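Let me begin by presenting the structure, written as structure tokens, before commenting on it.
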Amino acid sequence: MSQEARTTRTLGRFERLPTRRIVLVALSIGIATAVAYGSYRTLTLPAGQRYSGSAWRDFLVLGVAQGAVYALIALGYTLVYGILRMINFAHGEVFMAGAFGSFFFADAWERSGFLDRRPVLAVLLLVLLAMAVSVTVAVLLERIAYRPLRGAPRLVPLITAIGASLFLQNTFRGLFGAQTRGYPKPTALEGTWSILGIPVQRVQVLVLVVAAAAMVVLTQFVSRTKTGKSMRAAAEDQEIAALMGIDVDRVIVTTFVLGGMLAGIAGVLFALTFGNISYFMGFAPGITAFTAAVLGGIGSISGAAIGGLVIGVLQSIGPALLLTGIHVPSPFQLKDVVTFLILILVLLFRPGGILGTGEVEKV
Amino acid sequence: MRKRTWFALVALVGALALITAACAQEEGGGTTGPTGGTATGPAADCESDPFGCVNVGAGEPITVGTLLAISGDVAFLGLDSQHGVELAVDYLDGAFDGKGGQIAGHDVNLVNEDDGCSAEGGQAGATKLAADPQMVAVIGTSCSSAALGVADQILADKGIMLISPSNTNPNLTAEGVWTGWYARTAHNDKIQGAIVADFAYDELGARTAATINDESPYADALAAVFRQVFESKGGTITAAEAIQSTDTDFKPLLTSIGQQSPDVLYFPDFNPACALITKQAADVPGLKDTALIGSDGCADPSYTETAGAAADGAYLSQPDTSAFQQGDFYQNEFLPAYRELVGDDPTAAFHAHAFDAFMILAQAIEQVAIEGGDGSISIPRTALKDAVLATSGHQGITGTITCNATGDCATEVTIGIYQVPAVPFDDPKAKPVFSETKSLEDVA
């Protein structure tokens, strides 16, 4: 047997293993070890420095509450992607517009005392106002920025979306000023409630309840109603849907309206949780929510919800769990590092996201 | 084909025009040469001065720039200082009469730029001001981040004196970093950090403390000074955390700090971070008994506005305005004039420092200006710089101003610790709960 042939035979098995697989496996082992090590070190810190059970509980609840807000915004991204196959980067600004719209009324009502006297009614009205503003902005976006580019190559609406995002940010800055403003909280929402013996921030309970309700309503709408069916049909194949008599234009506008409504709700919840609004408040949550949508499987509604929750919890618990033990200074500054690392990892193994098909879809 | 050649031609002409414009500016700057009068006098000084003279013709105004944070979240700080400078221009004629006075027989023309409270803003603003060949000096910056290595260097390269009313970062006047063309009437934070540590350890009886600083040189240095002095007194630092000034979510960080339940939480940052930390700390059970202390970066109306009820009982350190030497002048002449000009009370602590900064500049200009005989004057740049740095015993609102060798003109500083709601930006008559005077020699 020749030299070459012998070498080929011995190497035969290994040759057939694709390099990609090897790299992925090695990477996953590495990451798993790092996570396990970091967590072990954090959990075995000396008693004075270790986080107590209540601290972990706080982190978890905080993460879930934040995740719920991200999920609401992520739904907007996923709905638009499902139908138009484009990422609406200006969605973060739709969210910001809703918060801003409700701010002026919230501020006025706090001064007049209405916010504290009738908190339930006031918060309800604020949510409705925020939804109205967000929907207006979303519909205008669709009409002015996206509809004219319906047939254009995929990259064009993407760039337009980024441009629209910057335009909206700076318009709000020019109109209302660059300073951050404090968003009032009704006295009824200060403090904690005891749920199953655990003290939970009242605002967090509100966020969870409202977000859950919104998502349930949305799922029911999409799966049960006629418009919902049209949306699903258009998401699957626009051309055929049009041939079947579905008014695709109306369906698209409805999608933006739904996304806007959810963003408006998220805006008020975010403002109540963190107590402030500013013209650039939509940027970071927008990116995180987009990440969440991709993580859960872009185009899938439950994917967006799950992605949002996962990211929220990761951002809250991740730095504390993984980095405190190995004494990384200021671990919470690295929460975005943790988030995006996880995103990259998930996409490496499941390019379609957690609930995606596991296949690659080219943009 | 024709279209392409047409475009190329237009582009070429455009490029040539731009280059010509840029070159023209370069030649116009750094004027030298005699302006008349005695043959040897003005000519000799201006020629021997490495940066030459600024020639102000008869009837022309003296151009002074301001580079302050006049927009964004810190506008309260910058606008407040800018008004201090405007009032100083008014007071040149000895009275607050709404009409500007004169320096060496010439009016003053103020050119106001924004320092953005950032290195980028400082660079943009300083470059703009430095491009004007008639620029004599600049009052600025508001934030240390705009000055350190940025505005101070750009202006020093053109021989333009920079006098700051509110930069407090110790590095700006440190050996090796000081550019030589920089002075400040605000305190050096080595003093403020030490006084806050004294307050925490001696007055509040704190033995454990945590600090949160943002990425600005101001916060970084001030928190470091506090930690160093607190530990040298025998205290323990439980956490030294960092944030981004644009962060809005501090709950996980505060929960983590609350784990150790420190006696004091010191956050010498800017708004809105200060206000949001205060607001969110109220929800953290571990921080229930922790004293919250901020510094002059937090001390503006947006702090109490954004933090709301959570701010009550929090402490803020800033220059003790009630200890101003010229207390009478400040309360009875300066403040009413300020209200007349602005329509509202001062929103930050450094308007008086800005007033003093301009006054020592005016005094220095009067000292070194060379008269041209026909009503014009020449101001030699290096001589002006030396005169400012040699200021001694000047009676300013903030006290007696004597500049030391590296540009620190506020050598005896009184810092007051105020407790919300009795804070000077909400109530100009507020008294501090603790006040201490230190000099730079005490803490160097």
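Just so we're on the same page: first chain in the structure tokens is A, next is B, and so on; residues restart at 1 for each chain, and ligands are numbered from 1 in the order they show up.
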I'd like a table as CSV: residues in chain B with an atom no more than 8 Å from chain A, each row giving the shortest atom pair and its distance in Å to one decimal, only C-alpha atoms counted, sorted by chain and rising residue number.
```
residue,atom,partner,partner_atom,distance
B:Ser71,CA,A:Ala178,CA,7.4
B:Gly72,CA,A:Ala178,CA,4.8
B:Asp73,CA,A:Gln179,CA,4.4
B:Ala240,CA,A:Ser330,CA,7.7
B:Glu241,CA,A:Ser330,CA,5.1
B:Ala242,CA,A:Ser330,CA,5.6
B:Ile243,CA,A:Gln333,CA,6.3
B:Gln244,CA,A:Gln333,CA,7.7
B:Thr248,CA,A:Phe274,CA,6.9
B:Asp249,CA,A:Phe274,CA,6.6
B:Pro252,CA,A:Ser316,CA,6.5
B:Leu253,CA,A:Phe332,CA,6.3
B:Thr255,CA,A:Ala55,CA,6.8
B:Ser256,CA,A:Tyr51,CA,7.6
B:Gln259,CA,A:Tyr51,CA,6.7
B:Gln260,CA,A:Gln49,CA,7.4
B:Pro272,CA,A:Thr180,CA,6.4
B:Leu276,CA,A:Gly275,CA,7.5
B:Lys279,CA,A:Gly275,CA,7.9
B:Gln280,CA,A:Phe274,CA,7.7
B:Asp283,CA,A:Gly191,CA,7.3
B:Ser302,CA,A:Arg181,CA,8.0
B:Glu305,CA,A:Gly182,CA,6.8
B:Thr306,CA,A:Gly182,CA,4.1
B:Ala307,CA,A:Gly182,CA,7.0
```
* To do: Name the residues in contact with Ile62 (chain B) at a cut-off of 10 Å, using only C-alpha atoms, excluding same-chain residues fewer than 2 positions from it; report them as a PyMOL selection string.
  => chain B and resi 54-57+59-60+64-65+102-110+134-137+365+377+379
* Asked: Could you name the residues that touch Thr290 (chain B) at 7 Å or less, counting only C-alpha atoms, but leaving out those on the same chain fewer than 5 positions away, as a list in words?
  ->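 Near Thr290 (chain B), the qualifying residues are Ser261, Pro262, Asp263, Val264 and Leu265 of chain B.
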Please write the residues from the selection above to a file, keeping C-alpha atoms, as a CSV table (one decimal), in the first residue's frame.
```csv
chain,number,residue,atom,x,y,z
B,261,SER,CA,-25.6,46.8,54.3
B,262,PRO,CA,-22.9,49.5,54.3
B,263,ASP,CA,-23.3,52.5,56.6
B,264,VAL,CA,-22.8,54.9,53.8
B,265,LEU,CA,-23.3,54.8,50.0
```
* To do: Quick one: pick out all strand (DSSP E or B) residues within region 56-175 of chain B from a backbone DSSP run and write them as a list in words.
  =>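 So, restricting region 56-175 of chain B to strand (DSSP E or B), we get Val56, Ile62, Thr63, Val64, Gly65, Thr66, Leu67, Leu68, Ile103, His106, Val108, Asn109, Leu110, Val111, Asn112, Glu113, Asp114, Met135, Val136, Ala137, Val138, Ile139, Gly140, Met161, Leu162, Ile163 and Ser164 of chain B.
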Keeping only C-alpha atoms, write the selected residues to a file as a compact mmCIF listing (two decimals), in the first residue's frame.
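Contents of the output file result-v6.txt:
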```
# COMPACT_ATOMS: atom_id res chain seq x y z
CA VAL B 56 -7.71 94.74 19.67
CA ILE B 62 -12.11 91.98 23.57
CA THR B 63 -13.20 88.46 22.68
CA VAL B 64 -13.55 86.06 25.58
CA GLY B 65 -15.02 82.61 25.12
CA THR B 66 -17.02 80.38 27.43
CA LEU B 67 -16.96 76.60 27.09
CA LEU B 68 -19.63 75.29 29.44
CA ILE B 103 -11.65 96.12 30.32
CA HIS B 106 -12.72 98.02 25.44
CA VAL B 108 -16.19 92.51 26.08
CA ASN B 109 -17.61 90.15 23.49
CA LEU B 110 -18.59 86.76 24.94
CA VAL B 111 -18.56 83.79 22.59
CA ASN B 112 -20.47 80.90 24.19
CA GLU B 113 -19.80 77.27 23.23
CA ASP B 114 -21.10 73.97 24.58
CA MET B 135 -9.78 84.82 21.24
CA VAL B 136 -8.01 86.11 24.33
CA ALA B 137 -9.05 83.50 26.92
CA VAL B 138 -11.79 81.00 27.68
CA ILE B 139 -13.82 80.49 30.84
CA GLY B 140 -14.51 76.75 31.02
CA MET B 161 -5.69 80.72 28.74
CA LEU B 162 -8.39 78.42 30.13
CA ILE B 163 -9.90 79.25 33.52
CA SER B 164 -12.45 76.83 34.89
```
* **Expected answer as a PyMOL selection string: helix (DSSP H, G or I) residues in region 197-343 of chain A** => chain A and resi 202-224+226-236+238-243+248-274+283-296+301-323+331-343
* Just the residues within 8 Å of region 330-342 of chain B, please, counting only C-alpha atoms, with nothing from its chain fewer than 4 positions along; format it as an MDAnalysis selection string. => chainID B and resid 83:84 87 96 98 324 326 346 397
* To do: Please provide as number ranges by chain all residues within 10 Å of region 152-164 of chain A, with the sequence filter that same-chain residues fewer than 2 positions apart are discarded (counting only C-alpha atoms).
  => A: 84-91, 93, 141-142, 144-150, 166-170, 363
* To do: Mind checking which residues fall within 10 Å of Ala69 (chain B), counting only C-alpha atoms, ignoring those fewer than 5 positions away in the same chain, and posting them as a PyMOL selection string?
  => chain B and resi 74-82+113-118+121-122+140-143+146
Write the residues of the selection above to a file with C-alpha atoms, as a PDB file, in the first residue's frame.
```
ATOM      1  CA  VAL B  74     -26.124  68.993  32.936  1.00  0.00           C
ATOM      2  CA  ALA B  75     -27.386  72.226  31.436  1.00  0.00           C
ATOM      3  CA  PHE B  76     -28.204  73.414  34.949  1.00  0.00           C
ATOM      4  CA  LEU B  77     -24.496  73.421  35.728  1.00  0.00           C
ATOM      5  CA  GLY B  78     -23.246  75.119  32.571  1.00  0.00           C
ATOM      6  CA  LEU B  79     -25.932  77.744  32.168  1.00  0.00           C
ATOM      7  CA  ASP B  80     -25.511  78.683  35.821  1.00  0.00           C
ATOM      8  CA  SER B  81     -21.783  79.312  35.273  1.00  0.00           C
ATOM      9  CA  GLN B  82     -22.447  81.175  32.031  1.00  0.00           C
ATOM     10  CA  GLU B 113     -19.802  77.265  23.232  1.00  0.00           C
ATOM     11  CA  ASP B 114     -21.099  73.968  24.581  1.00  0.00           C
ATOM     12  CA  ASP B 115     -18.693  71.520  26.216  1.00  0.00           C
ATOM     13  CA  GLY B 116     -21.294  68.734  26.212  1.00  0.00           C
ATOM     14  CA  CYS B 117     -19.852  67.493  29.529  1.00  0.00           C
ATOM     15  CA  SER B 118     -17.804  65.018  27.488  1.00  0.00           C
ATOM     16  CA  GLY B 121     -17.926  68.107  23.269  1.00  0.00           C
ATOM     17  CA  GLY B 122     -14.827  69.621  24.837  1.00  0.00           C
ATOM     18  CA  GLY B 140     -14.515  76.755  31.016  1.00  0.00           C
ATOM     19  CA  THR B 141     -15.050  73.912  31.067  1.00  0.00           C
ATOM     20  CA  SER B 142     -17.939  72.797  33.239  1.00  0.00           C
ATOM     21  CA  CYS B 143     -17.019  69.126  33.386  1.00  0.00           C
ATOM     22  CA  ALA B 146     -14.254  67.996  28.624  1.00  0.00           C
TER      23      ALA B 146
END
```
* Asked: Near Ile415 (chain B), within 8 Å and counting only C-alpha atoms, which residues show up once chain neighbours fewer than 5 positions away are dropped, as JSON, numbers by chain?
  -> {"B": [192, 195, 317, 318, 319, 320, 435, 436, 437]}
